[in-house]
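Data block below; observations after.
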Protein chains: 2
Amino acid sequence: MADATDQRKPTERLAELIERQEAPAVQAFLASLGGLDTVRAVSHLAEDDLVALLELVEAPTAAELLERLPDDQATGVFEIIQPATAARILEEMPSDAQADYIGELEDDEARAILAELEPEEAREIRELCEYDEESAGGLMITEYVEVRSGRSIGQVIDDLQAGAEEYRSYYIQYVYVVDRKGRLVGVLPFREIVLAPRSAIVDDLMISDPVSISADTPLDELEHFISQQRFFGVPVVDARGVLVGVLRRRSVEEAVSDRSDETFRAVAGIVGGEELRSMPLRLRAGRRLSWLSANIVLNVLAASVIAANQDTLEAVIALAVFLPIISDMSGCSGNQAVAVSLRELTLGVLRPADYGRVLLKELGVGLINGCALGLLVGLTAFLWKGNVWLGLVVGLALALNTCVAVVVGGIVPLVLKAFGRDPALASGPILTTVTDMCGFLLVLSLASALLERLI
Amino acid sequence: MADATDQRKPTERLAELIERQEAPAVQAFLASLGGLDTVRAVSHLAEDDLVALLELVEAPTAAELLERLPDDQATGVFEIIQPATAARILEEMPSDAQADYIGELEDDEARAILAELEPEEAREIRELCEYDEESAGGLMITEYVEVRSGRSIGQVIDDLQAGAEEYRSYYIQYVYVVDRKGRLVGVLPFREIVLAPRSAIVDDLMISDPVSISADTPLDELEHFISQQRFFGVPVVDARGVLVGVLRRRSVEEAVSDRSDETFRAVAGIVGGEELRSMPLRLRAGRRLSWLSANIVLNVLAASVIAANQDTLEAVIALAVFLPIISDMSGCSGNQAVAVSLRELTLGVLRPADYGRVLLKELGVGLINGCALGLLVGLTAFLWKGNVWLGLVVGLALALNTCVAVVVGGIVPLVLKAFGRDPALASGPILTTVTDMCGFLLVLSLASALLERLI
């Protein structure tokens, strides 16, 4: 790795070589970098340099580079690169990746690229694109070996040898056995082929009635499925039982991991897809702002509670010091409960209807932590101003509001999920608004009730 | 699935069957539930019922149930179950899972369980436990097929056939070829065995000088490694080149996904491990409180800025309405930047030394979004009180503080990473404290400078 003072150099040197159109030098330079440094150098390139790079290098190298870039950056490339180049690169990718990239494009962009491919390949990609991205059909690959029922092991081995070149990049832990109509009737583990005589018939060795999944199985079920099964891959069939692809464990795991990255982004207010600092400023600022603007409305709404109780605040100005503390601490407590609910929903140990359980479990935590935090803050207030009533007001308000926050935080994700909304995206803002309003109201009405003791 | 009114029933029915010690009825009931409902029913069991369940069912079923429970819950079980039962269940698990569970236990608990296992198996688990959990050694499995260099394909096939029963649960896309001293000299793809005559010698067919990784390779590098390679598994060697295990892609992906779950938890303030609502209340409240208490100190620190400027606030009480807004909005803006930095660090497109790049990139977003948000809030203030100076003070303060927040939010994770701290855990609290203090100071000093215009 280059040292810190020299940090921008790989990208700059790469950009220079690209501008000079020196293909061999570029290839050699990329090879010399290796590892994460390649990803870093390439991902920091300006978009036009990146496109120039992909047009410059061999298609297999270009495909590899794209697969190693962050998804959103790679997808962006396909929107602006020459269709012929895009097609050449796509040909080097497995079918699931092809469908992912094409599926992200506008119709006319996709058509332009598909027109450059062999009609058969274009048709396959188009078919794959029709499946939901987060379903077995959207995640499967179509590179697998299929044999007709009734064949002998000898014929299978001959077929394999004949197609050896093509099959090398295939998923072949199993050979899939289909009937005349293409319906899956069995799977033949590769190791059985090793151990059987050439004359044996596939049907006698295969596992009949094999486990398969339907192409429209959604990701939730797939995640659960792979957690129970040890397969590296499982055959995917359509509604008529026709074998249409193979779903690899790896693809499901990647999709699950992508989804949890998305959850993480949503919680932090990064919406509209992954943000990388190599993206245009306008896009980055705009996406972030769209979430912030919604938030600011909620914030103003919450603060209006303070505005409405300004008299009390004016009488006991010390309360103004504690309003942000109560707002922030309740937000923190509530967010912990949100995180636990999101996690339990993902793990499947919690269902959207489990309100009662969450309410009880969170109330326990709320009471304990509310008392502890309320005591801390109340004591601080008392020590600062020497007024025990001030301590009581802010302490009690925080204690009660902590209970509200954990219960709301625990339940809001369930409600959103039940209504088919993304709990990760909206739980935080809803929680904060509720706890802020409730917290401000508690402090200011308690203070108003005890006003004579506070002044 | 049962309907909402009947939601607790599976767990209760299961608990009842367990108490009656009706093993066949329990097995039948679990089978009838299937899918996520089993996970849910079992994970909601009280701890002693869960232990009773695992002692009641067959060891393979118990192993399967444990592997499907959330990790922390499964680990907890091993701490309290009878060592003999634990050993019986462990025997049904792959070596990496065995080492994970044993590695989490106290020394004496682990010893008690290992004493119940065959000495050879116990020794293997102990060896696996010595590797760092997030290294190739800690993630590899030891169930693989190894053959000595110089053998014929016929001998290999005979060996495979002889061990067929044991090998069925093994990872065998490859057979690993080792020399006399156990050092890895080649890998033999299973499909080559299919296509070769019995008389062929392993050494002539194997891929010599195969890709392998060192047992101490850390997870970061493994993640990058699997993103570049298409292997389902890769041989793991020790410092002398001796084959010690096979690392499956799946294990790396699971470890990566566990780590990102941990990041997510850390950001939300769930510390000390995963929280499930089935855990004891004391543990849940205590862990959450430990993080909240640190936060409250930071909060009081930030609020002390308000206390120090109480005169200004007293003079212009309307400002008190905007302090929580500025605190919260700056926190939101900063957290977006934190999320982008965490993600870029994970993807490897950002290094801890890239301060300059982050500063520039964030400043752009900060200026645009700061102006937009400042304008919105300033306008709100102006419309509310009809005082343009009030609008100017709060708008300008929010605009400036947004710039501070995104820059601090973008850079803090890099600093923490550079110092070897967990950026996910500490970035949020540090960010909030800095932006709160800075935001309150901006509002109150601007107001103090323009005090005559505001009253």
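In the structure tokens, chains take the letters A, B, ... in the order shown, each chain's residues start at 1, and ligands count up from 1 in the order shown.
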
Which of region 168-364 of chain A DSSP labels helix (DSSP H, G or I), written as a PyMOL selection string: chain A and resi 190-195+202-205+219-228+249-268+281-308+310-315+319-347+355-364

Just list as a ChimeraX atom specification whatever in region 155-226 of chain A DSSP marks as strand (DSSP E). /A:174-178,184-189,207-208,213-214

Go ahead and save the picked residues with all heavy atoms, as a compact mmCIF listing (two decimals), in the first residue's frame.
```
# COMPACT_ATOMS: atom_id res chain seq x y z
N TYR A 174 -24.20 -31.14 -9.19
CA TYR A 174 -25.22 -32.10 -9.56
C TYR A 174 -25.48 -32.00 -11.05
O TYR A 174 -25.27 -30.96 -11.65
CB TYR A 174 -26.56 -31.79 -8.87
CG TYR A 174 -26.51 -31.97 -7.39
CD1 TYR A 174 -26.26 -30.89 -6.56
CD2 TYR A 174 -26.71 -33.22 -6.82
CE1 TYR A 174 -26.20 -31.05 -5.18
CE2 TYR A 174 -26.66 -33.38 -5.45
CZ TYR A 174 -26.40 -32.30 -4.63
OH TYR A 174 -26.35 -32.46 -3.28
N VAL A 175 -25.96 -33.12 -11.61
CA VAL A 175 -26.53 -33.10 -12.95
C VAL A 175 -28.03 -33.24 -12.74
O VAL A 175 -28.47 -34.03 -11.91
CB VAL A 175 -25.96 -34.27 -13.78
CG1 VAL A 175 -26.77 -34.48 -15.04
CG2 VAL A 175 -24.50 -34.00 -14.10
N TYR A 176 -28.81 -32.45 -13.46
CA TYR A 176 -30.25 -32.47 -13.25
C TYR A 176 -30.93 -33.31 -14.33
O TYR A 176 -30.64 -33.17 -15.52
CB TYR A 176 -30.79 -31.03 -13.24
CG TYR A 176 -30.17 -30.27 -12.11
CD1 TYR A 176 -29.03 -29.50 -12.30
CD2 TYR A 176 -30.68 -30.39 -10.82
CE1 TYR A 176 -28.42 -28.85 -11.24
CE2 TYR A 176 -30.08 -29.74 -9.75
CZ TYR A 176 -28.95 -28.98 -9.96
OH TYR A 176 -28.34 -28.35 -8.90
N VAL A 177 -31.80 -34.19 -13.89
CA VAL A 177 -32.46 -35.11 -14.80
C VAL A 177 -33.88 -34.63 -15.08
O VAL A 177 -34.63 -34.34 -14.14
CB VAL A 177 -32.50 -36.54 -14.21
CG1 VAL A 177 -33.06 -37.52 -15.23
CG2 VAL A 177 -31.10 -36.96 -13.75
N VAL A 178 -34.21 -34.48 -16.37
CA VAL A 178 -35.53 -33.97 -16.73
C VAL A 178 -36.24 -34.95 -17.67
O VAL A 178 -35.60 -35.76 -18.33
CB VAL A 178 -35.43 -32.59 -17.43
CG1 VAL A 178 -34.84 -31.56 -16.49
CG2 VAL A 178 -34.61 -32.70 -18.71
N LEU A 184 -38.38 -31.46 -14.06
CA LEU A 184 -37.35 -32.05 -13.20
C LEU A 184 -37.86 -33.35 -12.61
O LEU A 184 -38.91 -33.38 -11.98
CB LEU A 184 -37.02 -31.06 -12.07
CG LEU A 184 -35.97 -31.52 -11.07
CD1 LEU A 184 -34.58 -31.52 -11.70
CD2 LEU A 184 -35.99 -30.63 -9.83
N VAL A 185 -37.11 -34.44 -12.83
CA VAL A 185 -37.53 -35.71 -12.22
C VAL A 185 -36.50 -36.26 -11.24
O VAL A 185 -36.80 -37.16 -10.47
CB VAL A 185 -37.84 -36.79 -13.29
CG1 VAL A 185 -39.07 -36.38 -14.11
CG2 VAL A 185 -36.64 -37.03 -14.19
N GLY A 186 -35.28 -35.73 -11.28
CA GLY A 186 -34.28 -36.25 -10.35
C GLY A 186 -33.01 -35.43 -10.38
O GLY A 186 -32.81 -34.60 -11.28
N VAL A 187 -32.18 -35.64 -9.38
CA VAL A 187 -30.85 -35.03 -9.41
C VAL A 187 -29.83 -36.14 -9.21
O VAL A 187 -30.07 -37.11 -8.50
CB VAL A 187 -30.65 -33.95 -8.32
CG1 VAL A 187 -31.66 -32.83 -8.48
CG2 VAL A 187 -30.71 -34.54 -6.93
N LEU A 188 -28.71 -35.97 -9.88
CA LEU A 188 -27.67 -36.98 -9.85
C LEU A 188 -26.41 -36.32 -9.30
O LEU A 188 -25.80 -35.50 -9.98
CB LEU A 188 -27.45 -37.46 -11.29
CG LEU A 188 -26.55 -38.65 -11.50
CD1 LEU A 188 -27.05 -39.87 -10.75
CD2 LEU A 188 -26.46 -38.94 -12.99
N PRO A 189 -26.03 -36.68 -8.07
CA PRO A 189 -24.82 -36.06 -7.52
C PRO A 189 -23.61 -36.47 -8.35
O PRO A 189 -23.53 -37.60 -8.83
CB PRO A 189 -24.72 -36.65 -6.12
CG PRO A 189 -26.07 -37.19 -5.81
CD PRO A 189 -26.65 -37.61 -7.12
N ILE A 207 -31.45 -39.24 -7.40
CA ILE A 207 -32.37 -39.04 -6.29
C ILE A 207 -33.68 -38.60 -6.92
O ILE A 207 -33.76 -37.51 -7.50
CB ILE A 207 -31.84 -37.94 -5.34
CG1 ILE A 207 -30.44 -38.32 -4.84
CG2 ILE A 207 -32.80 -37.69 -4.19
CD1 ILE A 207 -29.69 -37.18 -4.19
N SER A 208 -34.70 -39.47 -6.84
CA SER A 208 -35.98 -39.11 -7.44
C SER A 208 -36.71 -38.16 -6.52
O SER A 208 -36.40 -38.06 -5.34
CB SER A 208 -36.86 -40.34 -7.64
OG SER A 208 -36.11 -41.38 -8.16
N ILE A 213 -37.30 -25.73 -5.63
CA ILE A 213 -38.12 -24.62 -5.17
C ILE A 213 -38.73 -23.92 -6.36
O ILE A 213 -38.21 -23.96 -7.48
CB ILE A 213 -37.36 -23.61 -4.31
CG1 ILE A 213 -36.03 -23.30 -4.96
CG2 ILE A 213 -37.17 -24.08 -2.90
CD1 ILE A 213 -35.29 -22.24 -4.22
N SER A 214 -39.83 -23.27 -6.08
CA SER A 214 -40.57 -22.60 -7.13
C SER A 214 -39.90 -21.26 -7.43
O SER A 214 -39.39 -20.59 -6.53
CB SER A 214 -42.00 -22.40 -6.65
OG SER A 214 -42.62 -21.41 -7.39
```

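Distance annotation: of B:Ile193, B:Leu345, B:Val202, B:Leu359, the residue with the minimal separation from chain A is B:Ile193; atom set is only C-alpha atoms.
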
Which chain B residues are at most 7 Å from chain A (counting only C-alpha atoms), as a PyMOL selection string? chain B and resi 4+36+39-40+43+68+193-194+227+250+257+264-265+268-270+275-277+281+285+289+296+299-300+303+306-307+314+317+320-321+324-325+329+335-336+339-340+344+348-350+353+361+364-365+368-369

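From CA of Gly137 (chain A) back to CA of Thr217 (chain A), the distance works out to 7.8 Å.
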
Contacts of Gly245 (chain B) at 7 Å (only C-alpha atoms; same-chain gap of 4+ positions) as a VMD selection string: chain B and resid 140 to 142 235 to 236

So that I can see what lies close to Leu400 (chain B), please list as a PyMOL selection string the residues with an atom at most 9 Å from it, counting only C-alpha atoms and leaving out residues fewer than 3 positions away in the same chain. chain B and resi 366-367+370-371+374+395-397+403-405+439+442

Write the selection just made, keeping N, CA and C atoms, as a PDB file, in the first residue's frame?
```pdb
ATOM      1  N   GLY B 366     -22.587  19.330   2.720  1.00  0.00           N
ATOM      2  CA  GLY B 366     -22.927  20.178   3.858  1.00  0.00           C
ATOM      3  C   GLY B 366     -23.374  21.567   3.417  1.00  0.00           C
ATOM      4  N   LEU B 367     -22.671  22.128   2.429  1.00  0.00           N
ATOM      5  CA  LEU B 367     -23.026  23.479   1.970  1.00  0.00           C
ATOM      6  C   LEU B 367     -24.413  23.489   1.333  1.00  0.00           C
ATOM      7  N   GLY B 370     -27.004  22.299   4.051  1.00  0.00           N
ATOM      8  CA  GLY B 370     -27.033  23.292   5.117  1.00  0.00           C
ATOM      9  C   GLY B 370     -27.851  24.509   4.681  1.00  0.00           C
ATOM     10  N   CYS B 371     -27.598  24.986   3.454  1.00  0.00           N
ATOM     11  CA  CYS B 371     -28.355  26.144   2.961  1.00  0.00           C
ATOM     12  C   CYS B 371     -29.835  25.814   2.867  1.00  0.00           C
ATOM     13  N   GLY B 374     -31.234  25.338   6.442  1.00  0.00           N
ATOM     14  CA  GLY B 374     -31.168  26.622   7.135  1.00  0.00           C
ATOM     15  C   GLY B 374     -32.282  27.537   6.650  1.00  0.00           C
ATOM     16  N   GLY B 395     -31.407  30.073  11.140  1.00  0.00           N
ATOM     17  CA  GLY B 395     -31.102  29.539   9.811  1.00  0.00           C
ATOM     18  C   GLY B 395     -29.599  29.422   9.588  1.00  0.00           C
ATOM     19  N   LEU B 396     -28.884  30.495   9.921  1.00  0.00           N
ATOM     20  CA  LEU B 396     -27.440  30.499   9.728  1.00  0.00           C
ATOM     21  C   LEU B 396     -26.777  29.460  10.627  1.00  0.00           C
ATOM     22  N   ALA B 397     -27.253  29.378  11.878  1.00  0.00           N
ATOM     23  CA  ALA B 397     -26.685  28.406  12.811  1.00  0.00           C
ATOM     24  C   ALA B 397     -26.877  26.990  12.276  1.00  0.00           C
ATOM     25  N   CYS B 403     -22.789  21.777   8.054  1.00  0.00           N
ATOM     26  CA  CYS B 403     -21.449  21.559   7.490  1.00  0.00           C
ATOM     27  C   CYS B 403     -20.552  20.873   8.511  1.00  0.00           C
ATOM     28  N   VAL B 404     -20.582  21.381   9.748  1.00  0.00           N
ATOM     29  CA  VAL B 404     -19.773  20.760  10.805  1.00  0.00           C
ATOM     30  C   VAL B 404     -20.177  19.293  10.958  1.00  0.00           C
ATOM     31  N   ALA B 405     -21.486  19.038  10.993  1.00  0.00           N
ATOM     32  CA  ALA B 405     -21.982  17.686  11.274  1.00  0.00           C
ATOM     33  C   ALA B 405     -21.558  16.693  10.191  1.00  0.00           C
ATOM     34  N   GLY B 439     -23.713  23.319  17.766  1.00  0.00           N
ATOM     35  CA  GLY B 439     -24.984  23.908  17.334  1.00  0.00           C
ATOM     36  C   GLY B 439     -25.543  24.881  18.359  1.00  0.00           C
ATOM     37  N   LEU B 442     -23.433  28.008  18.389  1.00  0.00           N
ATOM     38  CA  LEU B 442     -23.696  28.855  17.218  1.00  0.00           C
ATOM     39  C   LEU B 442     -24.967  29.667  17.413  1.00  0.00           C
TER      40      LEU B 442
END
```

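Close contacts of Met93 (chain A), defined as residues with an atom at most 12 Å away when counting only C-alpha atoms, with chain neighbours fewer than 5 positions off set aside, comprise Ala59, Pro60, Thr61, Ala62, Ala63, Glu64, Leu65, Leu66, Glu67, Ala86, Ala87, Arg88, Gln98, Ala99, Asp100, Tyr101, Ile102, Glu121, Ile125, Ile141, Thr142, Glu143, Ser169 and Tyr170 of chain A; Arg230 of chain B.
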
Can you tell me, as a list of chain:residue names, what residues are no more than 12 Å from region 117-120 of chain A when counting only C-alpha atoms, ignoring any on the same chain fewer than 6 positions away? A:Pro83, A:Ala84, A:Thr85, A:Ala86, A:Ala87, A:Arg88, A:Ile89, A:Leu90, A:Glu91, A:Glu92, A:Gln98, A:Ala110, A:Arg111, A:Arg126, A:Glu127
